[in-house]
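What's in target_6.txt: compact mmCIF, C-alpha atoms
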# COMPACT_ATOMS: atom_id res chain seq x y z
CA MET C 1 125.43 0.82 43.77
CA PRO C 2 122.19 2.34 42.42
CA VAL C 3 119.75 3.70 45.00
CA GLU C 4 116.16 2.47 44.68
CA ALA C 5 113.13 4.63 45.45
CA PRO C 6 109.43 4.75 44.65
CA LEU C 7 108.30 7.12 41.93
CA SER C 8 107.35 10.65 42.87
CA PHE C 9 103.74 11.59 42.18
CA GLY C 10 104.81 13.40 39.02
CA GLN C 11 106.88 10.44 37.82
CA LEU C 12 104.03 8.02 38.53
CA PHE C 13 101.59 10.25 36.66
CA SER C 14 103.89 10.30 33.60
CA TRP C 15 104.35 6.52 33.81
CA ARG C 16 100.59 5.87 33.83
CA ASP C 17 100.15 8.34 30.99
CA ILE C 18 102.84 6.91 28.72
CA GLU C 19 102.01 3.25 29.34
CA ARG C 20 98.60 3.79 27.69
CA HIS C 21 100.19 5.01 24.41
CA PRO C 22 99.96 2.61 21.48
CA HIS C 23 103.43 1.25 20.71
CA ASP C 24 103.85 3.31 17.54
CA TRP C 25 102.91 6.53 19.36
CA VAL C 26 105.24 6.18 22.38
CA HIS C 27 107.64 8.73 20.86
CA GLU C 28 104.94 11.36 21.48
CA ALA C 29 106.18 11.44 25.08
CA ASN C 30 109.59 12.75 23.98
CA LEU C 31 110.61 16.35 24.59
CA PRO C 32 113.03 17.93 22.08
CA ALA C 33 115.90 20.31 22.68
CA MET C 34 118.37 21.87 20.26
CA TRP C 35 121.50 23.59 21.60
CA ASP C 36 123.77 25.73 19.44
CA LEU C 37 127.41 24.72 19.92
CA ARG C 38 129.11 27.03 17.43
CA GLY C 39 132.27 28.56 18.81
CA LEU C 40 132.70 25.87 21.49
CA THR C 41 135.26 23.10 21.75
CA LEU C 42 134.24 19.46 22.02
CA ASP C 43 136.02 19.19 25.36
CA ARG C 44 134.13 22.18 26.78
CA VAL C 45 130.79 20.72 25.60
CA MET C 46 131.38 17.22 26.99
CA THR C 47 132.67 18.58 30.30
CA ALA C 48 129.48 20.62 30.71
CA LEU C 49 127.30 17.60 29.88
CA ARG C 50 129.12 15.41 32.39
CA THR C 51 128.67 18.11 35.03
CA LEU C 52 124.93 18.26 34.30
CA ALA C 53 124.61 14.47 34.59
CA GLY C 54 126.44 14.50 37.91
CA ARG C 55 124.33 17.40 39.19
CA HIS C 56 120.87 16.09 38.21
CA GLU C 57 119.80 12.60 39.16
CA ALA C 58 117.04 12.59 36.53
CA LEU C 59 119.82 12.13 33.95
CA ARG C 60 121.13 9.11 35.90
CA THR C 61 117.81 7.39 36.57
CA THR C 62 116.36 4.22 35.10
CA TYR C 63 112.85 2.90 35.70
CA HIS C 64 111.92 -0.68 36.57
CA VAL C 65 108.84 -2.71 37.52
CA ARG C 66 108.44 -5.11 40.41
CA GLY C 67 105.14 -6.88 41.00
CA GLY C 68 103.39 -4.49 38.64
CA THR C 69 104.63 -1.40 40.51
CA PRO C 70 107.13 0.93 38.82
CA TYR C 71 110.11 2.22 40.80
CA GLN C 72 113.32 4.09 40.04
CA LYS C 73 117.03 3.38 40.33
CA VAL C 74 119.35 6.37 40.68
CA HIS C 75 122.85 5.51 39.46
CA GLY C 76 125.97 7.11 40.85
CA ALA C 77 127.47 7.56 37.38
CA VAL C 78 126.40 6.79 33.81
CA THR C 79 127.93 6.80 30.37
CA LEU C 80 126.48 9.80 28.56
CA PRO C 81 124.03 8.62 25.87
CA ILE C 82 125.50 11.11 23.40
CA GLU C 83 126.45 10.00 19.89
CA LEU C 84 129.19 12.02 18.19
CA VAL C 85 128.71 12.45 14.45
CA GLU C 86 130.91 14.17 11.87
CA ARG C 87 128.99 15.64 8.91
CA ASP C 88 129.70 17.78 5.89
CA GLY C 89 127.21 20.49 6.86
CA GLY C 90 125.60 21.86 9.96
CA ASP C 91 123.01 24.39 8.82
CA GLN C 92 119.55 24.97 10.28
CA GLN C 93 117.83 22.51 7.95
CA GLU C 94 120.32 19.80 8.86
CA ALA C 95 119.72 20.51 12.56
CA GLU C 96 115.94 20.29 12.14
CA ARG C 97 116.18 16.98 10.24
CA THR C 98 118.44 15.56 12.91
CA ALA C 99 116.12 16.67 15.71
CA ALA C 100 113.07 15.19 13.95
CA GLU C 101 114.80 11.84 13.48
CA LEU C 102 115.95 11.76 17.09
CA ILE C 103 112.61 12.72 18.60
CA GLY C 104 110.86 10.03 16.56
CA ARG C 105 112.75 7.21 18.27
CA PRO C 106 110.83 5.86 21.30
CA PHE C 107 112.46 4.99 24.61
CA PRO C 108 111.88 1.74 26.44
CA MET C 109 109.94 2.63 29.56
CA SER C 110 112.12 0.49 31.79
CA GLY C 111 115.71 -0.67 32.02
CA ASP C 112 117.55 2.16 30.27
CA LEU C 113 118.20 5.89 30.48
CA ASN C 114 115.32 7.92 29.09
CA TRP C 115 117.32 10.56 27.24
CA ARG C 116 119.77 10.64 24.35
CA GLY C 117 121.60 13.14 22.19
CA LEU C 118 123.31 13.53 18.84
CA LEU C 119 126.26 15.93 18.74
CA VAL C 120 127.07 17.04 15.20
CA SER C 121 130.49 18.42 14.25
CA VAL C 122 131.76 19.77 10.94
CA LYS C 123 135.53 19.47 10.32
CA GLY C 124 135.96 18.65 13.99
CA GLU C 125 134.13 21.73 15.24
CA PRO C 126 130.87 21.21 17.21
CA LYS C 127 127.82 22.75 15.52
CA PHE C 128 124.73 21.63 17.42
CA LEU C 129 123.44 19.11 19.93
CA ALA C 130 120.01 17.56 19.36
CA LEU C 131 118.45 16.06 22.49
CA SER C 132 115.44 13.84 23.06
CA ILE C 133 114.24 13.51 26.67
CA SER C 134 111.32 11.37 27.77
CA HIS C 135 108.59 12.99 29.81
CA LEU C 136 109.15 10.10 32.23
CA ILE C 137 112.17 11.93 33.63
CA MET C 138 111.60 15.61 32.81
CA ASP C 139 108.97 18.19 31.99
CA ALA C 140 109.42 21.18 29.67
CA TRP C 141 110.26 23.45 32.62
CA SER C 142 113.21 21.20 33.50
CA VAL C 143 114.49 21.09 29.93
CA ARG C 144 114.74 24.88 29.98
CA HIS C 145 116.64 24.68 33.30
CA LEU C 146 119.12 22.27 31.69
CA ARG C 147 119.62 24.58 28.73
CA ASP C 148 120.32 27.59 30.94
CA GLN C 149 122.73 25.63 33.13
CA PHE C 150 124.51 24.22 30.08
CA ARG C 151 125.04 27.73 28.73
CA ALA C 152 126.48 28.82 32.07
CA LEU C 153 128.82 25.80 32.22
CA VAL C 154 130.29 26.23 28.74
CA GLU C 155 131.03 29.85 29.67
CA ASP C 156 132.46 28.91 33.06
CA PRO C 157 133.07 25.21 33.89
CA GLY C 158 132.98 26.15 37.57
CA ALA C 159 129.46 27.64 37.41
CA THR C 160 127.17 26.28 40.12
CA ALA C 161 123.40 25.93 40.41
CA ASP C 162 121.01 24.85 43.14
CA PRO C 163 119.49 21.60 41.80
CA GLY C 164 116.41 21.87 44.01
CA PRO C 165 114.75 18.75 45.47
CA VAL C 166 115.81 15.61 43.61
CA PRO C 167 113.04 13.25 42.38
CA SER C 168 113.91 10.32 44.65
CA ALA C 169 113.91 12.51 47.77
CA LEU C 170 110.67 14.17 46.67
CA ALA C 171 109.09 10.73 46.21
CA LEU C 172 109.92 9.78 49.79
CA ARG C 173 108.82 13.15 51.17
CA GLN C 174 105.42 12.88 49.45
CA ARG C 175 104.75 9.65 51.37
CA GLU C 176 105.75 10.98 54.80
CA ASP C 177 103.40 12.14 57.56
CA ALA C 178 104.34 15.76 56.85
CA TRP C 179 102.55 15.43 53.51
CA ALA C 180 99.43 13.79 54.97
CA ALA C 181 97.35 16.98 54.80
CA ARG C 182 98.22 17.46 51.12
CA ARG C 183 97.36 13.86 50.28
CA THR C 184 94.06 14.14 52.16
CA GLY C 185 93.23 17.46 50.49
CA ALA C 186 93.87 16.04 47.03
CA GLU C 187 91.72 13.00 47.76
CA ARG C 188 88.93 15.25 49.06
CA HIS C 189 89.13 17.33 45.88
CA TRP C 190 88.89 14.25 43.69
CA ARG C 191 85.92 12.91 45.67
CA GLY C 192 84.15 16.22 45.13
CA VAL C 193 84.76 16.06 41.39
CA LEU C 194 83.64 12.43 41.19
CA ALA C 195 80.52 13.20 43.21
CA GLU C 196 79.64 16.01 40.77
CA GLY C 197 79.95 13.48 37.97
CA LEU C 198 82.44 13.31 35.14
CA MET C 199 81.32 14.12 31.60
CA ASP C 200 80.00 10.63 30.98
CA GLU C 201 78.97 11.43 27.42
CA LEU C 202 82.64 11.63 26.43
CA PRO C 203 83.81 8.21 25.18
CA THR C 204 87.08 6.94 26.62
CA LEU C 205 89.42 4.35 25.16
CA PRO C 206 91.28 1.37 26.58
CA SER C 207 95.06 1.59 26.78
CA ARG C 208 96.85 1.40 23.41
CA ALA C 209 93.56 1.56 21.49
CA TYR C 210 93.07 3.69 18.39
CA ARG C 211 90.26 5.96 17.24
CA ASN C 212 90.15 8.46 14.40
CA ARG C 213 90.44 12.00 15.70
CA LEU C 214 90.50 15.52 14.28
CA GLU C 215 93.11 18.12 15.19
CA ALA C 216 93.32 21.79 14.23
CA THR C 217 95.60 24.61 15.40
CA LEU C 218 94.71 28.30 15.41
CA HIS C 219 97.70 30.66 15.35
CA SER C 220 97.06 34.31 16.20
CA ARG C 221 99.11 37.18 17.59
CA ARG C 222 96.04 39.29 18.25
CA VAL C 223 94.40 36.56 20.33
CA ASN C 224 97.54 36.69 22.45
CA GLY C 225 97.44 40.47 22.91
CA LEU C 226 93.71 40.66 23.62
CA SER C 227 93.76 37.76 26.09
CA HIS C 228 96.26 39.71 28.20
CA VAL C 229 94.19 42.89 27.99
CA ALA C 230 91.10 40.95 29.05
CA ALA C 231 92.97 39.25 31.89
CA LYS C 232 94.14 42.57 33.30
CA ARG C 233 90.68 44.10 33.00
CA LEU C 234 88.99 41.17 34.75
CA GLY C 235 91.66 40.57 37.38
CA VAL C 236 92.47 37.05 36.18
CA THR C 237 95.19 35.40 34.07
CA ALA C 238 95.43 35.04 30.30
CA PRO C 239 95.26 31.20 30.55
CA ALA C 240 92.02 31.53 32.56
CA VAL C 241 90.47 33.69 29.83
CA VAL C 242 91.25 31.16 27.09
CA MET C 243 90.25 28.18 29.25
CA ALA C 244 86.90 29.78 30.12
CA LEU C 245 86.12 30.32 26.43
CA VAL C 246 87.02 26.74 25.56
CA ALA C 247 84.84 25.44 28.42
CA ALA C 248 81.92 27.52 27.14
CA GLY C 249 82.38 25.96 23.71
CA VAL C 250 82.51 22.41 25.07
CA ALA C 251 79.31 23.03 27.04
CA ARG C 252 77.61 24.45 23.94
CA HIS C 253 78.46 21.44 21.77
CA THR C 254 77.91 18.67 24.31
CA GLY C 255 74.80 20.11 25.97
CA ALA C 256 76.52 19.90 29.37
CA GLU C 257 75.74 22.40 32.12
CA ARG C 258 79.05 21.55 33.81
CA VAL C 259 82.33 20.80 32.09
CA THR C 260 84.81 18.64 33.99
CA MET C 261 88.09 19.82 32.53
CA SER C 262 91.50 18.51 33.50
CA LEU C 263 94.08 21.29 33.84
CA MET C 264 97.82 20.79 33.53
CA ALA C 265 99.42 21.81 36.83
CA SER C 266 103.14 22.56 36.85
CA ASN C 267 103.29 21.96 40.64
CA ARG C 268 106.06 24.54 40.88
CA PHE C 269 104.46 27.07 43.18
CA SER C 270 107.36 27.34 45.64
CA ALA C 271 110.87 28.67 45.03
CA GLU C 272 112.21 25.22 45.88
CA THR C 273 110.18 23.31 43.32
CA GLN C 274 110.85 25.93 40.65
CA ARG C 275 114.49 24.82 40.74
CA ALA C 276 113.74 21.09 40.56
CA VAL C 277 114.81 19.14 37.49
CA GLY C 278 112.43 16.25 37.01
CA THR C 279 108.85 15.63 35.95
CA LEU C 280 106.33 17.36 38.21
CA ASN C 281 103.41 18.00 35.85
CA GLN C 282 100.04 16.42 36.59
CA LEU C 283 96.51 16.96 35.31
CA VAL C 284 94.04 18.06 37.97
CA PRO C 285 90.28 18.04 37.28
CA VAL C 286 88.01 20.99 37.96
CA VAL C 287 84.24 21.22 37.60
CA LEU C 288 83.33 24.32 35.60
CA PRO C 289 79.62 25.25 35.71
CA VAL C 290 78.65 27.04 32.49
CA ASP C 291 75.69 29.39 32.92
CA GLN C 292 74.57 30.47 29.45
CA GLY C 293 72.75 33.42 31.04
CA ALA C 294 75.90 34.83 32.65
CA THR C 295 77.94 37.73 31.41
CA LEU C 296 81.33 37.04 29.95
CA ALA C 297 83.01 38.69 32.96
CA GLU C 298 81.05 36.51 35.42
CA HIS C 299 81.85 33.37 33.47
CA VAL C 300 85.60 34.05 33.16
CA ARG C 301 86.01 35.01 36.82
CA ARG C 302 84.12 31.91 37.97
CA MET C 303 86.36 29.70 35.83
CA HIS C 304 89.48 31.46 37.11
CA TRP C 305 88.73 30.93 40.79
CA ASN C 306 87.52 27.34 40.34
CA ALA C 307 90.78 26.57 38.54
CA ALA C 308 92.89 28.36 41.17
CA ARG C 309 91.37 26.20 43.89
CA ALA C 310 91.97 23.04 41.86
CA TYR C 311 95.65 23.83 41.24
CA ARG C 312 96.26 23.57 44.99
CA HIS C 313 95.64 19.81 44.66
CA GLY C 314 97.68 19.24 41.51
CA SER C 315 100.16 16.86 43.16
CA TYR C 316 98.61 13.52 44.11
CA ASP C 317 99.11 9.75 44.02
CA LEU C 318 97.29 8.66 40.86
CA ASP C 319 97.19 5.01 41.91
CA ARG C 320 95.46 5.98 45.17
CA ILE C 321 92.98 8.15 43.27
CA THR C 322 92.25 5.17 41.03
CA GLU C 323 91.28 3.22 44.13
CA VAL C 324 89.06 6.09 45.27
CA ALA C 325 87.42 6.37 41.86
CA ALA C 326 86.49 2.69 41.91
CA GLU C 327 83.97 3.56 44.63
CA TYR C 328 82.13 5.73 42.08
CA GLY C 329 81.96 3.11 39.31
CA ARG C 330 84.55 1.49 37.10
CA PRO C 331 85.16 2.28 33.42
CA GLY C 332 84.13 -0.29 30.84
CA HIS C 333 87.83 -0.90 30.19
CA GLY C 334 91.02 -0.95 32.23
CA CYS C 335 92.43 2.46 31.34
CA TRP C 336 91.88 4.60 34.41
CA PHE C 337 94.02 7.41 33.01
CA ASN C 338 91.68 8.00 30.08
CA HIS C 339 88.62 7.45 32.25
CA LEU C 340 89.54 9.97 34.94
CA LEU C 341 91.12 12.65 32.74
CA ARG C 342 88.74 12.91 29.79
CA CYS C 343 88.80 16.52 28.71
CA TRP C 344 91.99 18.45 29.26
CA PHE C 345 93.53 21.88 28.91
CA ASN C 346 97.21 22.82 28.95
CA TYR C 347 98.62 26.35 28.59
CA LEU C 348 102.36 26.55 28.02
CA GLN C 349 104.00 29.99 28.19
CA ILE C 350 107.39 29.73 26.47
CA ASP C 351 108.48 33.35 27.07
CA ASP C 352 107.18 36.68 28.37
CA VAL C 353 106.55 38.35 25.01
CA VAL C 354 103.02 39.79 24.67
CA ALA C 355 101.65 40.88 21.29
CA ASP C 356 100.12 44.27 20.58
CA PRO C 357 96.33 43.79 20.97
CA ALA C 358 95.93 45.80 17.75
CA ASP C 359 98.31 43.56 15.80
CA ASP C 360 96.55 42.86 12.49
CA SER C 361 98.77 39.97 11.36
CA PRO C 362 96.48 37.38 9.71
CA ALA C 363 95.54 34.41 11.85
CA GLU C 364 96.25 30.94 10.51
CA LEU C 365 94.30 27.70 10.86
CA VAL C 366 96.11 24.42 10.20
CA TRP C 367 94.58 20.93 10.22
CA THR C 368 96.94 18.14 11.30
CA PRO C 369 97.10 15.43 8.58
CA LEU C 370 97.30 12.61 11.13
CA ALA C 371 95.80 13.54 14.48
CA GLN C 372 96.76 11.73 17.67
CA GLN C 373 94.60 8.61 17.58
CA TYR C 374 94.61 7.56 21.22
CA GLY C 375 93.77 8.94 24.63
CA GLN C 376 91.19 11.52 25.59
CA ALA C 377 88.17 12.45 23.50
CA PHE C 378 88.84 16.18 23.70
CA ARG C 379 91.92 18.20 24.52
CA VAL C 380 93.32 21.69 24.04
CA ARG C 381 97.00 22.59 24.19
CA VAL C 382 97.88 26.28 24.06
CA GLN C 383 101.47 27.31 23.42
CA VAL C 384 102.47 30.96 23.60
CA SER C 385 105.78 31.95 22.05
CA ARG C 386 107.13 35.27 20.73
CA GLY C 387 103.77 36.95 21.17
CA ARG C 388 101.80 34.36 19.21
CA THR C 389 99.13 32.11 20.69
CA SER C 390 98.88 28.67 19.10
CA LEU C 391 95.74 26.85 20.20
CA LEU C 392 95.71 23.16 19.27
CA MET C 393 92.35 21.43 19.57
CA LEU C 394 91.86 17.67 19.24
CA SER C 395 88.43 16.05 19.23
CA ASP C 396 86.71 12.76 18.69
CA PRO C 397 84.31 13.67 15.84
CA ASP C 398 81.52 11.80 17.64
CA VAL C 399 81.88 14.32 20.46
CA ILE C 400 82.59 17.55 18.59
CA PRO C 401 82.84 17.32 14.78
CA ALA C 402 84.93 19.57 12.56
CA GLU C 403 82.32 22.33 12.29
CA GLY C 404 81.91 22.37 16.05
CA MET C 405 85.68 22.68 16.50
CA LEU C 406 85.69 25.66 14.13
CA ASP C 407 82.80 27.19 16.05
CA ILE C 408 84.71 26.90 19.34
CA LEU C 409 87.86 28.40 17.82
CA ARG C 410 85.84 31.30 16.44
CA GLY C 411 84.33 31.67 19.91
CA VAL C 412 87.80 32.01 21.39
CA GLY C 413 88.66 34.74 18.88
CA ARG C 414 85.42 36.60 19.46
CA GLY C 415 85.59 35.96 23.19
CA VAL C 416 89.00 37.53 23.80
CA GLN C 417 87.86 40.60 21.86
CA LEU C 418 84.62 40.92 23.86
CA ALA C 419 86.35 40.22 27.17
CA ALA C 420 88.83 43.00 26.43
CA THR C 421 86.30 45.56 25.19
CA ASP C 422 82.84 44.64 26.50
CA PRO C 423 83.10 42.06 29.31
CA ASP C 424 79.49 42.68 30.42
CA ALA C 425 78.25 41.17 27.16
CA GLY C 426 76.28 37.96 27.55
CA LEU C 427 78.04 34.63 27.15
CA LYS C 428 75.65 33.79 24.30
CA GLU C 429 77.21 36.56 22.22
CA LEU C 430 80.25 34.36 21.65
CA TRP C 431 78.42 32.30 19.07
CA GLY C 432 76.99 32.72 15.62
CA GLY C 433 79.09 35.60 14.36
CA LYS C 434 81.38 34.74 11.45
CA ASP C 435 82.46 38.31 10.73
CA LEU C 436 85.61 38.16 12.83
CA ASP C 437 88.61 40.20 11.87
CA PRO C 438 91.06 37.92 9.99
CA SER C 439 93.65 38.63 12.68
CA LEU C 440 91.46 36.60 15.06
CA PHE C 441 90.22 33.86 12.73
CA PRO C 442 90.77 33.25 8.98
CA ARG C 443 87.72 34.25 6.92
CA GLU C 444 88.00 31.36 4.47
CA HIS C 445 87.08 28.79 7.16

Output the file's structure in the form of structure tokens.
Amino acid sequence: MPVEAPLSFGQLFSWRDIERHPHDWVHEANLPAMWDLRGLTLDRVMTALRTLAGRHEALRTTYHVRGGTPYQKVHGAVTLPIELVERDGGDQQEAERTAAELIGRPFPMSGDLNWRGLLVSVKGEPKFLALSISHLIMDAWSVRHLRDQFRALVEDPGATADPGPVPSALALRQREDAWAARRTGAERHWRGVLAEGLMDELPTLPSRAYRNRLEATLHSRRVNGLSHVAAKRLGVTAPAVVMALVAAGVARHTGAERVTMSLMASNRFSAETQRAVGTLNQLVPVVLPVDQGATLAEHVRRMHWNAARAYRHGSYDLDRITEVAAEYGRPGHGCWFNHLLRCWFNYLQIDDVVADPADDSPAELVWTPLAQQYGQAFRVRVQVSRGRTSLLMLSDPDVIPAEGMLDILRGVGRGVQLAATDPDAGLKELWGGKDLDPSLFPREH
């Protein structure tokens, strides 16, 4: 018999996030994975997958709704949602096409498993496995755990791994008296943010509503290298350096003296939670005062410590916070997720590779043909992989138009250079200069 449990705080957060997606954008919540199966037998692959499903309850969980409240059912055993396909070829292009097709298929939020795979063989020999996993059940950290455990299992079917706290047990623990201080601390943090005032000039949308948005991505290896140099010099982290520069740009273009930015918290600060396979990510807001008369060093350090304090409260009951927020005024629509988390920043470190700060590889700027048309008015997602920083910026043009987005991206390029070489420069020196080295920002833009 399946075991029922409430959703953990991370699961509930993902549920409230995904339920606001317009129906034709629900697939945006899917996480991709591609595993190379060359040299393995089909039996070895399927045995490893069955072991993973038995080990991790997230792969055996379905979501349901009762009286408007979502809950989970953990099943003792499930049929693996893996489709076996025989094809004539299994090259990289074929794998990429397969992954794109799979990731574009949305999951129903309730009633079924929220993951699926397509295992492609050529002449009976496995070539690759494409996976699509909803953020409802896992975050990117967990997907990497699965990959590593799969590799260990196909090498040795007897390989073991500590699964960490399972989502259903974590959900119950978060509601016990032992967690009362954490719940109270998170609520106190939110009340402080709400009392400071959210960025009310940022328009927010109802659930499943559309609005035209702009989206650009800056790719630069040198930004990566310099951000690490600056972080070491200032005694902060590379994400804090980039976040502080983005916050300065938002303040410049909205006229705000304080930026209320929502930061993605992994909530994996203990050895126990680092092993967990599930969805733990939540956005936590932080008020970032931007003093245009400060030095760059002062500004970055202030942002770093404000963010560090906020991360302590990154795990919370979003439905309870919605009740708290109602005391400070309701949004003009029913989408609390968009209302409370208006301007967000996420920094995803894929590996530990750091670029040479003198790397002169040309930076690239790419505009997305069809930007995400729902959700928050402004967001930044930074992904760092193989020594390259990719900074994706999305904006409602009524908040920050295209030229303003370019100005902020230039400011990031100039800012990491100044923070690494002259951190006592004034914050105002971030702006106005278009003579950046092309390794930091393309000259043609």

Return the single residue from C:Leu153, C:Val380, C:Leu170, C:Val277 that is closest to Ala5 (chain C), with distances computed using all atoms listed in the file.
->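 Closest residue, counting all atoms listed in the file: C:Leu170.
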
For the point (129.1, 6.2, 36.9) in file coordinates, what residues are within 10 Å, counting all atoms listed in the file? Give the answer as a PyMOL selection string?
-> chain C and resi 1-2+53-54+60+75-80

Rank C:Thr389, C:Gln383, C:Gln376, C:Ser14 by their smallest atom-to-atom distance to Thr204 (chain C), using all atoms listed in the file, and report the top residue only.
-> C:Gln376

Show which residues sit within 8 Å of Thr47 (chain C), as a PyMOL selection string. Count all atoms listed in the file, and ignore same-chain residues fewer than 4 positions away.
-> chain C and resi 43+51+157

Take the selection from the previous step and output its residues with C-alpha atoms, as an mmCIF file, keeping the file's coordinate frame.
data_model
loop_
_atom_site.group_PDB
_atom_site.id
_atom_site.type_symbol
_atom_site.label_atom_id
_atom_site.label_comp_id
_atom_site.auth_asym_id
_atom_site.auth_seq_id
_atom_site.Cartn_x
_atom_site.Cartn_y
_atom_site.Cartn_z
ATOM 1 C CA ASP C 43 136.020 19.190 25.360
ATOM 2 C CA THR C 51 128.670 18.110 35.030
ATOM 3 C CA PRO C 157 133.070 25.210 33.890
#

Rank nothing, just name the residue among C:Ala171, C:Ile18, C:Leu129, C:Ala355 nearest to Arg38 (chain C), using all atoms listed in the file.
->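 Looking at the shortest contact to Arg38 (chain C), the residue is C:Leu129.
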
Ser385 (chain C): which residues within 10 Å, counting all atoms listed in the file, same-chain residues fewer than 5 positions away excluded, as a list in words?
->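 So, after excluding close chain neighbours, the residues are Arg221, Asn224, Leu348, Gln349, Ile350, Asp351, Asp352, Val353, Val354, Ala355 and Ser390 of chain C.
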
For CA of Leu370 (chain C) and CA of Glu215 (chain C), quote the distance in Å rounded to one decimal.
->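 CA of Glu215 (chain C) lies at a distance of 8.0 Å from CA of Leu370 (chain C).
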
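Going from CA of Leu406 (chain C) to CA of Ala216 (chain C) covers 8.6 Å.
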
Long-range neighbours of Leu194 (chain C) as an MDAnalysis selection string, 9 Å cut-off, all atoms listed in the file, 5 positions minimum in chain | chainID C and resid 189 325 328 340

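You can rank C:Ala238, C:His253, C:Asn346, C:Val384 by their closest distance to Gln282 (chain C) using all atoms listed in the file, and at the top of that list sits C:Asn346.
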
Residues near Phe345 (chain C), cut-off 7 Å, all atoms listed in the file, skip fewer than 2 positions along chain, as a list in words =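 My list of contacting residues is Met261, Ser262, Leu263, Met264, Tyr347, Arg379, Val380 and Arg381 of chain C.
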
Keeping only C-alpha atoms, take the residues you just selected and write them out as a short mmCIF file (atom, residue, chain, number, x, y, z; two decimals), in the frame of the given file.
data_model
loop_
_atom_site.label_atom_id
_atom_site.label_comp_id
_atom_site.auth_asym_id
_atom_site.auth_seq_id
_atom_site.Cartn_x
_atom_site.Cartn_y
_atom_site.Cartn_z
CA MET C 261 88.09 19.82 32.53
CA SER C 262 91.50 18.51 33.50
CA LEU C 263 94.08 21.29 33.84
CA MET C 264 97.82 20.79 33.53
CA TYR C 347 98.62 26.35 28.59
CA ARG C 379 91.92 18.20 24.52
CA VAL C 380 93.32 21.69 24.04
CA ARG C 381 97.00 22.59 24.19
#

Coordinates-based distance that separates CA of Phe13 (chain C) from CA of Asp319 (chain C) (Å, one decimal) =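 Between CA of Asp319 (chain C) and CA of Phe13 (chain C) the gap works out to 8.6 Å.
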
Quick one: of C:His56, C:Glu364, C:Asp398, C:Gly432, who's nearest to Arg222 (chain C), counting only C-alpha atoms?
->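 Smallest distance to Arg222 (chain C) is found for C:Glu364.
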
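The nearest approach to Arg410 (chain C) among the residues C:Val246, C:Val166, C:Ala276, C:Ala256, with only C-alpha atoms taken into account, belongs to C:Val246.
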